[in-house]
>>> print(open('protein26.txt').read())   # compact mmCIF, C-alpha atoms and all ligand atoms
# COMPACT_ATOMS: atom_id res chain seq x y z
CA MET A 1 -20.98 29.09 9.80
CA THR A 2 -17.49 28.06 10.69
CA ASN A 3 -15.10 30.29 12.58
CA MET A 4 -13.07 30.66 9.40
CA ASP A 5 -16.16 31.87 7.46
CA PHE A 6 -16.72 34.47 10.16
CA TYR A 7 -13.06 35.48 9.99
CA ASN A 8 -13.04 35.80 6.20
CA ILE A 9 -16.27 37.80 6.10
CA ALA A 10 -14.98 40.08 8.81
CA LYS A 11 -11.69 40.59 6.97
CA LYS A 12 -13.45 41.41 3.65
CA ALA A 13 -16.20 43.60 5.09
CA THR A 14 -13.89 46.46 6.00
CA ARG A 15 -10.27 47.57 5.76
CA GLY A 16 -10.64 49.44 9.12
CA THR A 17 -8.07 48.17 11.67
CA MET A 18 -10.52 48.76 14.51
CA PHE A 19 -13.21 46.46 13.12
CA PHE A 20 -10.62 43.86 12.09
CA THR A 21 -9.13 43.85 15.58
CA ILE A 22 -12.56 43.56 17.17
CA ALA A 23 -13.50 40.83 14.70
CA SER A 24 -10.32 38.82 15.30
CA LEU A 25 -10.70 39.23 19.07
CA ALA A 26 -14.31 38.06 18.78
CA LEU A 27 -13.16 35.16 16.62
CA SER A 28 -10.51 34.08 19.08
CA LEU A 29 -13.15 34.23 21.84
CA VAL A 30 -15.50 32.11 19.74
CA GLN A 31 -12.68 29.69 18.91
CA CYS A 32 -11.59 29.53 22.52
CA THR A 33 -15.12 29.00 23.76
CA SER A 34 -16.05 26.50 21.13
CA LYS A 35 -12.71 24.65 21.53
CA HIS A 36 -13.17 24.62 25.28
CA GLN A 37 -16.77 23.52 24.88
CA VAL A 38 -15.69 20.83 22.40
CA THR A 39 -13.01 19.61 24.78
CA THR A 40 -15.36 19.71 27.72
CA SER A 41 -18.12 18.05 25.78
CA VAL A 42 -15.71 15.41 24.54
CA ALA A 43 -14.54 14.79 28.09
CA ALA A 44 -17.63 15.17 30.23
CA ASN A 45 -20.72 14.97 28.04
CA ASN A 46 -19.96 11.59 26.54
CA PRO A 47 -20.11 9.20 29.49
CA ASP A 48 -20.89 6.38 27.08
CA LYS A 49 -17.81 6.93 24.94
CA GLY A 50 -14.95 4.59 25.73
CA LEU A 51 -11.32 4.41 24.62
CA LYS A 52 -12.38 2.43 21.55
CA ASP A 53 -14.75 5.22 20.50
CA TYR A 54 -12.21 8.00 20.88
CA TYR A 55 -9.82 5.95 18.74
CA LYS A 56 -12.30 4.49 16.26
CA ASN A 57 -10.60 6.36 13.41
CA TYR A 58 -7.14 5.22 14.53
CA PHE A 59 -6.84 1.61 15.72
CA PRO A 60 -8.50 -0.89 18.08
CA ILE A 61 -7.82 -0.45 21.79
CA GLY A 62 -7.42 -3.74 23.63
CA VAL A 63 -6.85 -5.24 27.04
CA ALA A 64 -5.35 -8.43 28.47
CA VAL A 65 -7.98 -10.55 30.22
CA SER A 66 -8.16 -13.51 32.55
CA MET A 67 -11.13 -15.62 33.57
CA ALA A 68 -11.61 -13.28 36.54
CA SER A 69 -12.00 -10.35 34.12
CA LEU A 70 -14.99 -11.90 32.40
CA HIS A 71 -17.30 -11.43 35.37
CA GLY A 72 -18.60 -8.48 37.36
CA SER A 73 -17.28 -4.96 37.09
CA ASP A 74 -14.23 -5.79 35.01
CA SER A 75 -16.35 -7.24 32.22
CA ALA A 76 -18.59 -4.15 32.08
CA LEU A 77 -15.52 -1.93 31.80
CA ILE A 78 -14.01 -4.16 29.10
CA VAL A 79 -17.16 -4.01 26.95
CA LYS A 80 -17.48 -0.23 27.39
CA GLU A 81 -13.85 0.78 26.82
CA PHE A 82 -12.21 -1.84 24.58
CA ASN A 83 -12.74 -3.55 21.21
CA SER A 84 -9.89 -6.10 21.41
CA VAL A 85 -8.88 -8.66 24.02
CA THR A 86 -5.80 -10.82 24.59
CA PRO A 87 -5.88 -13.83 26.96
CA GLU A 88 -3.23 -12.93 29.56
CA ASN A 89 -2.25 -16.55 30.26
CA ASP A 90 -4.86 -19.03 29.10
CA MET A 91 -3.54 -19.63 25.59
CA LYS A 92 0.11 -20.01 26.53
CA MET A 93 1.75 -23.36 25.75
CA GLY A 94 1.96 -24.67 29.32
CA PRO A 95 -1.54 -23.69 30.50
CA ILE A 96 -3.32 -24.83 27.32
CA HIS A 97 -1.25 -27.92 26.49
CA PRO A 98 0.11 -29.32 29.78
CA SER A 99 0.89 -32.77 28.40
CA GLU A 100 1.13 -34.33 24.97
CA ASN A 101 -2.45 -35.55 24.74
CA VAL A 102 -4.10 -33.01 27.04
CA TYR A 103 -5.43 -29.61 25.99
CA ASN A 104 -7.09 -27.25 28.48
CA TRP A 105 -9.56 -25.48 26.19
CA LYS A 106 -12.02 -24.36 28.86
CA ASN A 107 -10.61 -20.96 29.80
CA ALA A 108 -9.41 -20.07 26.31
CA ASP A 109 -12.83 -21.01 24.90
CA ALA A 110 -14.58 -18.90 27.56
CA ILE A 111 -12.50 -15.85 26.66
CA VAL A 112 -13.10 -16.37 22.94
CA ASP A 113 -16.84 -16.85 23.51
CA PHE A 114 -16.99 -13.68 25.64
CA ALA A 115 -15.22 -11.67 22.94
CA VAL A 116 -17.26 -13.07 20.06
CA SER A 117 -20.53 -12.45 21.92
CA HIS A 118 -19.55 -8.79 22.40
CA GLN A 119 -18.14 -8.31 18.88
CA ILE A 120 -14.67 -7.77 20.35
CA ARG A 121 -11.66 -8.82 18.27
CA ILE A 122 -9.17 -11.27 19.74
CA ARG A 123 -5.38 -11.36 19.75
CA GLY A 124 -3.94 -14.83 20.42
CA HIS A 125 -1.03 -14.99 22.88
CA ASN A 126 1.22 -16.91 22.30
CA LEU A 127 2.25 -19.91 20.20
CA CYS A 128 5.91 -20.23 21.17
CA TRP A 129 7.70 -18.83 24.23
CA HIS A 130 10.54 -19.81 26.58
CA ASN A 131 8.38 -19.04 29.64
CA GLN A 132 5.32 -20.98 30.80
CA GLU A 133 6.40 -23.50 28.19
CA ALA A 134 4.98 -27.02 27.90
CA ALA A 135 7.87 -28.75 29.66
CA TRP A 136 6.93 -32.18 28.27
CA MET A 137 7.81 -30.97 24.75
CA PHE A 138 11.50 -30.95 25.63
CA LYS A 139 11.72 -34.56 26.75
CA GLY A 140 12.20 -37.46 24.35
CA PRO A 141 10.08 -40.65 24.54
CA ASN A 142 12.41 -42.15 27.16
CA GLY A 143 13.11 -38.97 29.09
CA GLU A 144 16.19 -38.09 27.07
CA PRO A 145 16.50 -34.59 25.59
CA VAL A 146 14.19 -34.22 22.64
CA THR A 147 15.61 -34.07 19.12
CA LYS A 148 15.18 -30.97 16.93
CA GLU A 149 12.98 -32.91 14.51
CA LEU A 150 10.64 -34.16 17.23
CA LEU A 151 10.49 -30.75 18.93
CA LEU A 152 9.54 -29.01 15.67
CA GLN A 153 6.92 -31.69 14.99
CA ARG A 154 5.45 -31.09 18.45
CA LEU A 155 5.50 -27.33 17.84
CA LYS A 156 3.68 -27.88 14.54
CA ASP A 157 1.07 -30.13 16.16
CA HIS A 158 0.58 -27.56 18.96
CA ILE A 159 0.15 -24.64 16.58
CA PHE A 160 -2.14 -26.57 14.26
CA ALA A 161 -4.31 -27.55 17.24
CA VAL A 162 -4.50 -24.12 18.90
CA ALA A 163 -4.45 -21.72 15.91
CA GLY A 164 -6.62 -24.21 14.02
CA ARG A 165 -9.23 -24.29 16.80
CA TYR A 166 -9.66 -20.51 16.76
CA LYS A 167 -9.35 -20.08 12.99
CA GLY A 168 -11.58 -17.23 11.89
CA LYS A 169 -12.04 -16.02 15.50
CA ILE A 170 -8.52 -14.87 16.42
CA TYR A 171 -7.46 -12.13 14.03
CA ALA A 172 -3.85 -11.73 15.13
CA TRP A 173 -1.34 -14.01 16.87
CA ASP A 174 1.77 -13.38 18.89
CA VAL A 175 3.42 -16.31 17.16
CA VAL A 176 6.80 -16.13 18.88
CA ASN A 177 7.38 -14.22 22.11
CA GLU A 178 10.67 -12.74 23.40
CA ALA A 179 13.20 -14.75 21.37
CA VAL A 180 15.81 -11.95 21.40
CA ASP A 181 18.68 -11.83 23.88
CA ASP A 182 18.32 -9.23 26.61
CA SER A 183 21.98 -8.53 27.34
CA ASP A 184 24.07 -5.59 26.15
CA ASP A 185 26.25 -8.01 24.20
CA THR A 186 25.59 -6.92 20.63
CA THR A 187 27.01 -10.20 19.29
CA GLN A 188 24.23 -12.22 20.99
CA VAL A 189 21.08 -11.64 18.93
CA TYR A 190 19.00 -14.58 20.13
CA ARG A 191 17.94 -15.72 23.62
CA LYS A 192 19.59 -19.05 24.41
CA SER A 193 16.26 -20.68 25.24
CA ASN A 194 15.52 -24.41 25.11
CA TRP A 195 14.01 -23.73 21.69
CA TYR A 196 17.22 -22.13 20.44
CA LYS A 197 19.54 -24.70 21.98
CA ILE A 198 17.69 -27.81 20.81
CA CYS A 199 17.11 -26.37 17.34
CA ASN A 200 20.72 -25.21 17.30
CA GLY A 201 19.73 -21.74 16.16
CA PRO A 202 16.73 -19.49 15.43
CA ASP A 203 15.03 -21.38 12.62
CA PHE A 204 12.33 -22.56 15.05
CA ILE A 205 11.06 -18.98 14.70
CA ASP A 206 10.64 -19.32 10.93
CA SER A 207 8.98 -22.70 11.48
CA ALA A 208 6.51 -21.27 14.03
CA PHE A 209 5.41 -18.57 11.59
CA LYS A 210 5.11 -21.10 8.77
CA TYR A 211 2.98 -23.44 10.89
CA ALA A 212 0.77 -20.57 12.11
CA HIS A 213 0.14 -19.42 8.54
CA GLN A 214 -0.71 -22.96 7.46
CA ALA A 215 -3.08 -23.33 10.43
CA ASP A 216 -4.89 -20.01 9.82
CA PRO A 217 -3.94 -18.28 6.54
CA ASN A 218 -6.02 -15.21 7.35
CA ALA A 219 -4.62 -14.47 10.80
CA LYS A 220 -2.11 -11.61 11.10
CA LEU A 221 1.17 -12.94 12.49
CA TYR A 222 3.34 -10.96 14.91
CA TYR A 223 6.71 -11.30 16.58
CA ASN A 224 6.28 -9.93 20.14
CA ASP A 225 8.92 -8.54 22.50
CA TYR A 226 9.59 -5.99 25.25
CA ASN A 227 12.18 -3.18 25.59
CA SER A 228 11.92 -2.88 21.80
CA GLU A 229 12.80 0.83 22.13
CA HIS A 230 16.11 0.23 23.94
CA PRO A 231 18.88 0.85 21.37
CA VAL A 232 20.76 -2.47 21.75
CA LYS A 233 17.66 -4.66 21.87
CA ARG A 234 16.01 -2.57 19.14
CA GLU A 235 18.85 -3.45 16.77
CA LYS A 236 18.67 -7.15 17.69
CA ILE A 237 14.91 -7.22 17.05
CA TYR A 238 15.53 -5.46 13.74
CA LYS A 239 18.02 -8.18 12.76
CA LEU A 240 15.53 -10.92 13.69
CA LEU A 241 12.75 -9.25 11.71
CA LYS A 242 15.01 -8.65 8.70
CA LYS A 243 16.05 -12.33 8.74
CA LEU A 244 12.43 -13.48 8.85
CA ILE A 245 11.57 -11.22 5.92
CA ASP A 246 14.65 -12.36 3.96
CA ASP A 247 13.62 -15.98 4.69
CA HIS A 248 10.13 -15.17 3.33
CA ALA A 249 8.55 -16.09 6.65
CA PRO A 250 4.83 -15.09 6.67
CA ILE A 251 5.22 -12.28 9.22
CA ASP A 252 2.86 -9.28 9.21
CA GLY A 253 4.20 -7.20 12.04
CA VAL A 254 5.95 -6.69 15.32
CA GLY A 255 4.39 -6.52 18.75
CA MET A 256 6.02 -3.89 20.92
CA GLN A 257 4.92 -4.89 24.40
CA ALA A 258 5.30 -1.37 25.85
CA HIS A 259 5.91 -2.31 29.48
CA TRP A 260 7.15 1.20 30.06
CA LYS A 261 8.35 3.42 32.91
CA LEU A 262 7.88 7.09 33.75
CA ASN A 263 11.06 8.02 31.87
CA ASP A 264 11.37 5.09 29.47
CA PRO A 265 11.14 5.18 26.51
CA SER A 266 12.07 8.69 25.51
CA PRO A 267 10.14 10.20 22.60
CA GLU A 268 13.27 9.86 20.45
CA GLU A 269 13.67 6.15 21.26
CA LEU A 270 10.00 5.49 20.54
CA ARG A 271 10.15 7.26 17.19
CA LYS A 272 13.42 5.52 16.24
CA ALA A 273 11.97 2.09 17.02
CA LEU A 274 8.83 2.82 15.01
CA ASP A 275 10.81 4.21 12.08
CA GLU A 276 13.07 1.14 11.97
CA VAL A 277 10.41 -1.56 12.00
CA THR A 278 8.07 0.28 9.65
CA SER A 279 10.98 0.74 7.21
CA LEU A 280 10.79 -3.06 6.83
CA GLY A 281 7.20 -2.76 5.65
CA LEU A 282 5.86 -4.28 8.87
CA LYS A 283 2.82 -3.24 10.87
CA VAL A 284 3.10 -2.47 14.59
CA GLN A 285 0.89 -3.40 17.52
CA PHE A 286 1.52 -2.19 21.06
CA THR A 287 0.57 -5.43 22.73
CA GLU A 288 1.00 -5.11 26.52
CA MET A 289 1.02 -1.44 27.46
CA ASP A 290 1.42 -0.26 31.02
CA ILE A 291 3.50 2.54 32.58
CA THR A 292 4.67 1.68 36.08
CA ILE A 293 5.37 4.47 38.53
CA ARG A 294 7.89 2.16 40.20
CA LEU A 295 11.56 2.03 39.39
CA PRO A 296 12.25 -1.60 40.33
CA LYS A 297 15.01 -2.04 42.88
CA PRO A 298 17.23 -5.07 42.20
CA PRO A 299 16.74 -7.79 44.82
CA PRO A 300 19.69 -8.01 47.30
CA ALA A 301 22.40 -10.56 46.63
CA LEU A 302 21.14 -13.97 47.71
CA GLY A 303 22.98 -16.15 50.24
CA THR A 304 23.99 -14.45 53.50
CA MET A 305 22.12 -11.27 52.77
CA PRO A 306 19.25 -10.64 55.23
CA ALA A 307 15.72 -10.66 53.88
CA PRO A 308 14.95 -7.23 52.46
CA THR A 309 13.15 -4.90 54.84
CA PRO A 310 9.88 -3.93 53.18
CA VAL A 311 10.17 -0.61 51.42
CA PRO A 312 7.04 1.37 52.22
CA ASP A 313 4.92 1.88 49.16
CA SER A 314 5.23 5.58 48.38
CA GLY A 315 1.87 5.26 46.72
CA TYR A 316 0.41 7.12 43.81
CA THR A 317 1.83 10.54 44.68
CA ALA A 318 0.87 13.73 42.82
CA GLN A 319 4.36 13.78 41.32
CA ALA A 320 4.12 10.18 40.10
CA GLU A 321 0.66 10.91 38.70
CA ALA A 322 1.90 13.97 36.81
CA ARG A 323 4.84 12.08 35.34
CA GLN A 324 2.64 9.15 34.32
CA ILE A 325 0.16 11.51 32.64
CA ALA A 326 3.01 13.14 30.71
CA GLN A 327 4.43 9.77 29.63
CA TYR A 328 1.05 8.46 28.44
CA LYS A 329 0.39 11.74 26.59
CA MET A 330 3.83 11.66 24.94
CA ALA A 331 3.35 8.06 23.85
CA PHE A 332 -0.13 8.50 22.39
CA ASP A 333 0.77 11.78 20.66
CA ILE A 334 3.49 9.85 18.81
CA ILE A 335 1.45 6.68 18.30
CA ARG A 336 -1.35 8.62 16.60
CA GLN A 337 1.20 10.11 14.20
CA TYR A 338 2.12 6.55 13.10
CA ARG A 339 -1.53 5.53 12.70
CA LYS A 340 -1.05 4.13 9.21
CA TYR A 341 1.34 1.50 10.58
CA ILE A 342 -0.24 0.80 13.97
CA THR A 343 -3.08 -1.73 14.01
CA ASN A 344 -3.75 -2.24 17.73
CA VAL A 345 -2.87 -0.79 21.12
CA THR A 346 -3.53 -3.18 23.99
CA PHE A 347 -3.18 -2.53 27.72
CA TRP A 348 -1.88 -5.31 29.95
CA ASN A 349 -4.61 -5.84 32.54
CA VAL A 350 -7.80 -3.90 33.08
CA SER A 351 -7.04 -1.58 36.02
CA ASP A 352 -4.60 -0.78 38.83
CA ARG A 353 -6.69 -3.16 40.89
CA SER A 354 -4.93 -6.15 39.41
CA SER A 355 -1.73 -5.52 37.51
CA TRP A 356 0.75 -8.33 36.86
CA LEU A 357 3.35 -5.88 38.19
CA ASP A 358 1.97 -5.92 41.74
CA GLY A 359 3.69 -9.02 42.95
CA ARG A 360 1.04 -11.49 41.80
CA GLY A 361 3.12 -14.66 42.05
CA GLY A 362 6.22 -12.53 42.12
CA GLY A 363 8.57 -10.83 44.52
CA LEU A 364 10.70 -7.73 44.76
CA LEU A 365 10.40 -6.92 41.10
CA GLY A 366 6.72 -7.73 41.09
CA GLY A 367 5.17 -9.67 38.29
CA ALA A 368 6.01 -13.20 37.42
CA ALA A 369 9.65 -12.56 36.69
CA ALA A 370 10.58 -13.43 40.27
CA GLY A 371 10.01 -16.88 41.67
CA VAL A 372 7.13 -17.51 44.07
CA ASN A 373 9.62 -18.03 46.92
CA THR A 374 11.32 -14.67 46.45
CA PRO A 375 10.65 -12.37 49.42
CA ARG A 376 7.67 -10.29 48.44
CA VAL A 377 7.80 -6.56 48.90
CA ILE A 378 4.64 -5.30 47.29
CA ARG A 379 5.10 -1.80 45.93
CA LYS A 380 2.15 -1.12 43.70
CA ALA A 381 2.84 0.03 40.18
CA TYR A 382 -0.43 1.91 39.44
CA PRO A 383 0.38 1.40 35.71
CA LEU A 384 -2.94 1.67 33.87
CA LEU A 385 -5.63 4.19 32.87
CA PHE A 386 -8.15 2.93 35.42
CA ASP A 387 -7.55 3.12 39.16
CA GLU A 388 -8.13 0.48 41.83
CA ASN A 389 -11.85 1.28 41.78
CA ARG A 390 -11.92 0.94 37.98
CA GLN A 391 -12.41 4.71 37.63
CA ARG A 392 -10.79 6.70 34.83
CA LYS A 393 -7.57 8.35 35.99
CA LYS A 394 -6.36 11.74 34.77
CA ALA A 395 -4.04 9.86 32.42
CA TYR A 396 -7.14 8.50 30.66
CA TRP A 397 -8.17 12.04 29.71
CA ALA A 398 -4.63 12.84 28.54
CA VAL A 399 -4.98 9.89 26.14
CA VAL A 400 -8.45 10.68 24.79
CA ASN A 401 -8.36 14.49 24.64
CA PHE A 402 -6.55 15.18 21.39
O1 LIG B 501 -2.26 -20.69 37.46
C1 LIG B 501 -1.26 -20.91 38.48
C2 LIG B 501 -1.92 -21.31 39.78
O2 LIG B 501 -2.56 -22.57 39.60
C3 LIG B 501 -0.86 -21.38 40.88
O3 LIG B 501 -1.47 -21.68 42.11
C4 LIG B 501 -0.15 -20.02 40.98
C5 LIG B 501 0.91 -20.01 42.06
O4 LIG B 501 2.16 -20.28 41.50
O5 LIG B 501 0.48 -19.75 39.70
C6 LIG B 501 -0.50 -19.60 38.69
O6 LIG B 501 0.15 -19.34 37.47
C7 LIG B 501 0.67 -18.00 37.40
C8 LIG B 501 0.07 -17.35 36.13
O7 LIG B 501 0.64 -16.06 35.92
C9 LIG B 501 -1.45 -17.21 36.24
O8 LIG B 501 -1.76 -16.33 37.29
C10 LIG B 501 2.19 -18.10 37.25
O9 LIG B 501 2.74 -18.54 38.48
C11 LIG B 501 2.75 -16.72 36.93
O10 LIG B 501 4.14 -16.82 36.64
C12 LIG B 501 2.05 -16.17 35.69
O11 LIG B 501 2.55 -14.86 35.46
C13 LIG B 501 2.25 -14.35 34.16
C14 LIG B 501 3.58 -14.08 33.42
O12 LIG B 501 3.29 -13.54 32.14
C15 LIG B 501 4.39 -15.34 33.24
O13 LIG B 501 3.79 -16.11 32.29
C16 LIG B 501 1.49 -13.02 34.32
O14 LIG B 501 0.22 -13.25 34.90
C17 LIG B 501 1.33 -12.37 32.96
O15 LIG B 501 0.77 -11.06 33.10
C18 LIG B 501 2.69 -12.23 32.27
O16 LIG B 501 2.48 -11.72 31.00
C19 LIG B 501 3.69 -11.64 30.21
C20 LIG B 501 3.31 -11.86 28.77
O17 LIG B 501 2.68 -13.12 28.64
C21 LIG B 501 4.53 -11.76 27.87
N1 LIG B 501 5.17 -10.45 28.06
C22 LIG B 501 5.55 -10.15 29.44
C23 LIG B 501 4.31 -10.23 30.34
C24 LIG B 501 4.67 -9.87 31.76
O18 LIG B 501 5.58 -10.81 32.29
>>> encode(input="protein26.txt", output="structure tokens", more="lines below")
Ligand code: G3I
Amino acid sequence: MTNMDFYNIAKKATRGTMFFTIASLALSLVQCTSKHQVTTSVAANNPDKGLKDYYKNYFPIGVAVSMASLHGSDSALIVKEFNSVTPENDMKMGPIHPSENVYNWKNADAIVDFAVSHQIRIRGHNLCWHNQEAAWMFKGPNGEPVTKELLLQRLKDHIFAVAGRYKGKIYAWDVVNEAVDDSDDTTQVYRKSNWYKICNGPDFIDSAFKYAHQADPNAKLYYNDYNSEHPVKREKIYKLLKKLIDDHAPIDGVGMQAHWKLNDPSPEELRKALDEVTSLGLKVQFTEMDITIRLPKPPPALGTMPAPTPVPDSGYTAQAEARQIAQYKMAFDIIRQYRKYITNVTFWNVSDRSSWLDGRGGGLLGGAAAGVNTPRVIRKAYPLLFDENRQRKKAYWAVVNF
């Protein structure tokens, strides 16, 4: 008998206020107890349930992986909690195709084999980017700058080789990554990358999608970018997407990377970004989610400035934890409401033990954005749902208890 049955019977059985009051009090106690029990049982009595199980009626939950993730405790956590993986670096143009006739398949194959053997879906990342690019592609046969025609031919050969190799195994590709300008100049839609400059405009983006579709007609093709909720960049991404659609490029959706902060994005910005891209008929994947507790401090002016004195890491304080829990809860409450448009939510790295944000190869700002020679002041970001011991943080429960 459901609580509502009990309530209806109680209401019909008598018109007496006393009984009705007692009945409704009893009902609220039953509801409260059963709700509490349900919540508790969901939280504590299902040690085998992982993120993917809590969200099995919503969308896949993924994670970015490296070769190091495939062994030991990380791999056990991946298999338990996730049903999608993205190679963090091993399928990027430079790592996988370091020179014209050399492909490094080993790591990418290992990640694909791991995923296939555990029935985990795979997102490919990425087929065209201005960072970690294959530098050789931009040099002509005699070292002169490459022509647009030769560069696009090389891009086609690269995409045919990589997307072709994993045809039928990789279900979604980040075809082009971060091609939109980051400045507040609303007249500058596109990043002036080598791709843009040599192709004299953005049609390399259309070409990349065309080649990816030819290489694997069944793969879902995404444009991927960060800060997609910031109003200026949101409008630039919208213009890029609208142009691709108007050009009849074979695009399926947009990847919102979701490298977020404790106060960014706001719920309003997140909703606005989702409303805009879904109004184009596109699907959405959150492709690189993490929520840093750190508000990056800009590195000091270079030149005569003294090396920065290390800022002590304030650590994962109770206040930072509370704000991170609230931001993760806000985000997932909204994301679940857009479930019919959202086809994947992927976290960038497995746990706080090894986040790209913690100065791996980077400096003041952490991450790879800074050069390896930048003075390193490691202030941990604690950005994920699993702590440095791979244990579920309170934010995990804020995401799964709904
Ligand atoms: O593999 C080399 C190693 O041989 C060398 O000794 C070492 C020292 O320089 O560098 C290693 O390569 C590093 C690579 O990560 C693998 O660890 C690069 O320097 C480093 O720049 C690179 O950083 C990656 C960054 O992208 C730049 O490509 C991060 O791990 C990765 O998390 C990050 O991911 C990007 C997404 O692809 C796109 N969206 C933004 C996101 C964060 O920047």
>>> atom_distance(input="protein26.txt", atom1="CA of Asn389 (chain A)", atom2="atom C24 of ligand LIG 501 (chain B)")
22.3 Å
>>> atom_distance(input="protein26.txt", atom1="CA of Gly72 (chain A)", atom2="CA of Asn126 (chain A)")
26.3 Å
>>> closest_residue(input="protein26.txt", among="A:Asn263, A:Asn349, A:Gln153, A:Gln285", to="ligand LIG 501 (chain B)", atoms="only C-alpha atoms and all ligand atoms")
A:Asn349
>>> closest_residue(input="protein26.txt", among="A:Lys236, A:Lys283, A:Arg379, A:Arg390", to="Ser183 (chain A)", atoms="all atoms listed in the file")
A:Lys236
>>> residues_around(input="protein26.txt", residues="region 76-78 of chain A", least_positions_apart="6", cutoff="10 Å", atoms="only C-alpha atoms", output="number ranges by chain")
A: 50, 62-65, 69-70, 84-85, 115, 118, 120, 350-351, 386, 390-391
>>> write_last_selection(input="protein26.txt", atoms="C-alpha atoms", output="short mmCIF file (atom, residue, chain, number, x, y, z; two decimals), in the coordinates of the input")
data_model
loop_
_atom_site.label_atom_id
_atom_site.label_comp_id
_atom_site.auth_asym_id
_atom_site.auth_seq_id
_atom_site.Cartn_x
_atom_site.Cartn_y
_atom_site.Cartn_z
CA GLY A 50 -14.95 4.59 25.73
CA GLY A 62 -7.42 -3.74 23.63
CA VAL A 63 -6.85 -5.24 27.04
CA ALA A 64 -5.35 -8.43 28.47
CA VAL A 65 -7.98 -10.55 30.22
CA SER A 69 -12.00 -10.35 34.12
CA LEU A 70 -14.99 -11.90 32.40
CA SER A 84 -9.89 -6.10 21.41
CA VAL A 85 -8.88 -8.66 24.02
CA ALA A 115 -15.22 -11.67 22.94
CA HIS A 118 -19.55 -8.79 22.40
CA ILE A 120 -14.67 -7.77 20.35
CA VAL A 350 -7.80 -3.90 33.08
CA SER A 351 -7.04 -1.58 36.02
CA PHE A 386 -8.15 2.93 35.42
CA ARG A 390 -11.92 0.94 37.98
CA GLN A 391 -12.41 4.71 37.63
#
>>> closest_residue(input="protein26.txt", among="A:Leu127, A:His97, A:Ser66, A:Leu282", to="Phe114 (chain A)", atoms="all atoms listed in the file")
A:Ser66
>>> closest_residue(input="protein26.txt", among="A:Leu221, A:Ala215, A:Val176, A:Leu280", to="ligand LIG 501 (chain B)", atoms="all atoms listed in the file")
A:Val176
>>> axis_aligned_box(input="protein26.txt", around="ligand LIG 501 (chain B)", padding_each_side="5 Å", output="JSON")
{"center_x": 1.5, "center_y": -16.2, "center_z": 35.0, "size_x": 18.1, "size_y": 22.7, "size_z": 24.2}
>>> closest_residue(input="protein26.txt", among="A:Ser354, A:Gln119, A:Asn200, A:Asn194", to="ligand LIG 501 (chain B)", atoms="all atoms listed in the file")
A:Ser354
>>> atom_distance(input="protein26.txt", atom1="atom O14 of ligand LIG 501 (chain B)", atom2="CA of Asn89 (chain A)")
6.2 Å
>>> residues_around(input="protein26.txt", residues="Asp185 (chain A)", least_positions_apart="6", cutoff="12 Å", atoms="only C-alpha atoms", output="ChimeraX atom specification")
/A:191,231-233,235-236
>>> decode(input="protein26.txt", residues="region 382-389 of chain A", atoms="N, CA, C and O atoms", output="compact mmCIF listing (two decimals), in the first residue's frame")
# COMPACT_ATOMS: atom_id res chain seq x y z
N TYR A 382 41.45 20.39 -5.51
CA TYR A 382 40.44 19.49 -4.93
C TYR A 382 39.14 19.51 -5.74
O TYR A 382 38.05 19.72 -5.19
N PRO A 383 39.17 19.33 -7.06
CA PRO A 383 38.02 19.66 -7.92
C PRO A 383 37.00 18.56 -8.16
O PRO A 383 35.97 18.83 -8.78
N LEU A 384 37.26 17.34 -7.71
CA LEU A 384 36.43 16.22 -8.17
C LEU A 384 35.57 15.62 -7.06
O LEU A 384 35.54 16.13 -5.94
N LEU A 385 34.89 14.51 -7.37
CA LEU A 385 33.97 13.89 -6.39
C LEU A 385 34.65 12.87 -5.52
O LEU A 385 34.06 12.36 -4.57
N PHE A 386 35.92 12.56 -5.86
CA PHE A 386 36.68 11.58 -5.08
C PHE A 386 37.93 12.27 -4.54
O PHE A 386 38.58 13.02 -5.26
N ASP A 387 38.23 12.01 -3.27
CA ASP A 387 39.35 12.73 -2.63
C ASP A 387 40.69 12.11 -2.99
O ASP A 387 40.78 11.23 -3.88
N GLU A 388 41.73 12.54 -2.31
CA GLU A 388 43.08 12.08 -2.66
C GLU A 388 43.29 10.61 -2.35
O GLU A 388 44.24 10.00 -2.82
N ASN A 389 42.39 10.04 -1.54
CA ASN A 389 42.47 8.59 -1.28
C ASN A 389 41.41 7.84 -2.09
O ASN A 389 41.04 6.71 -1.76
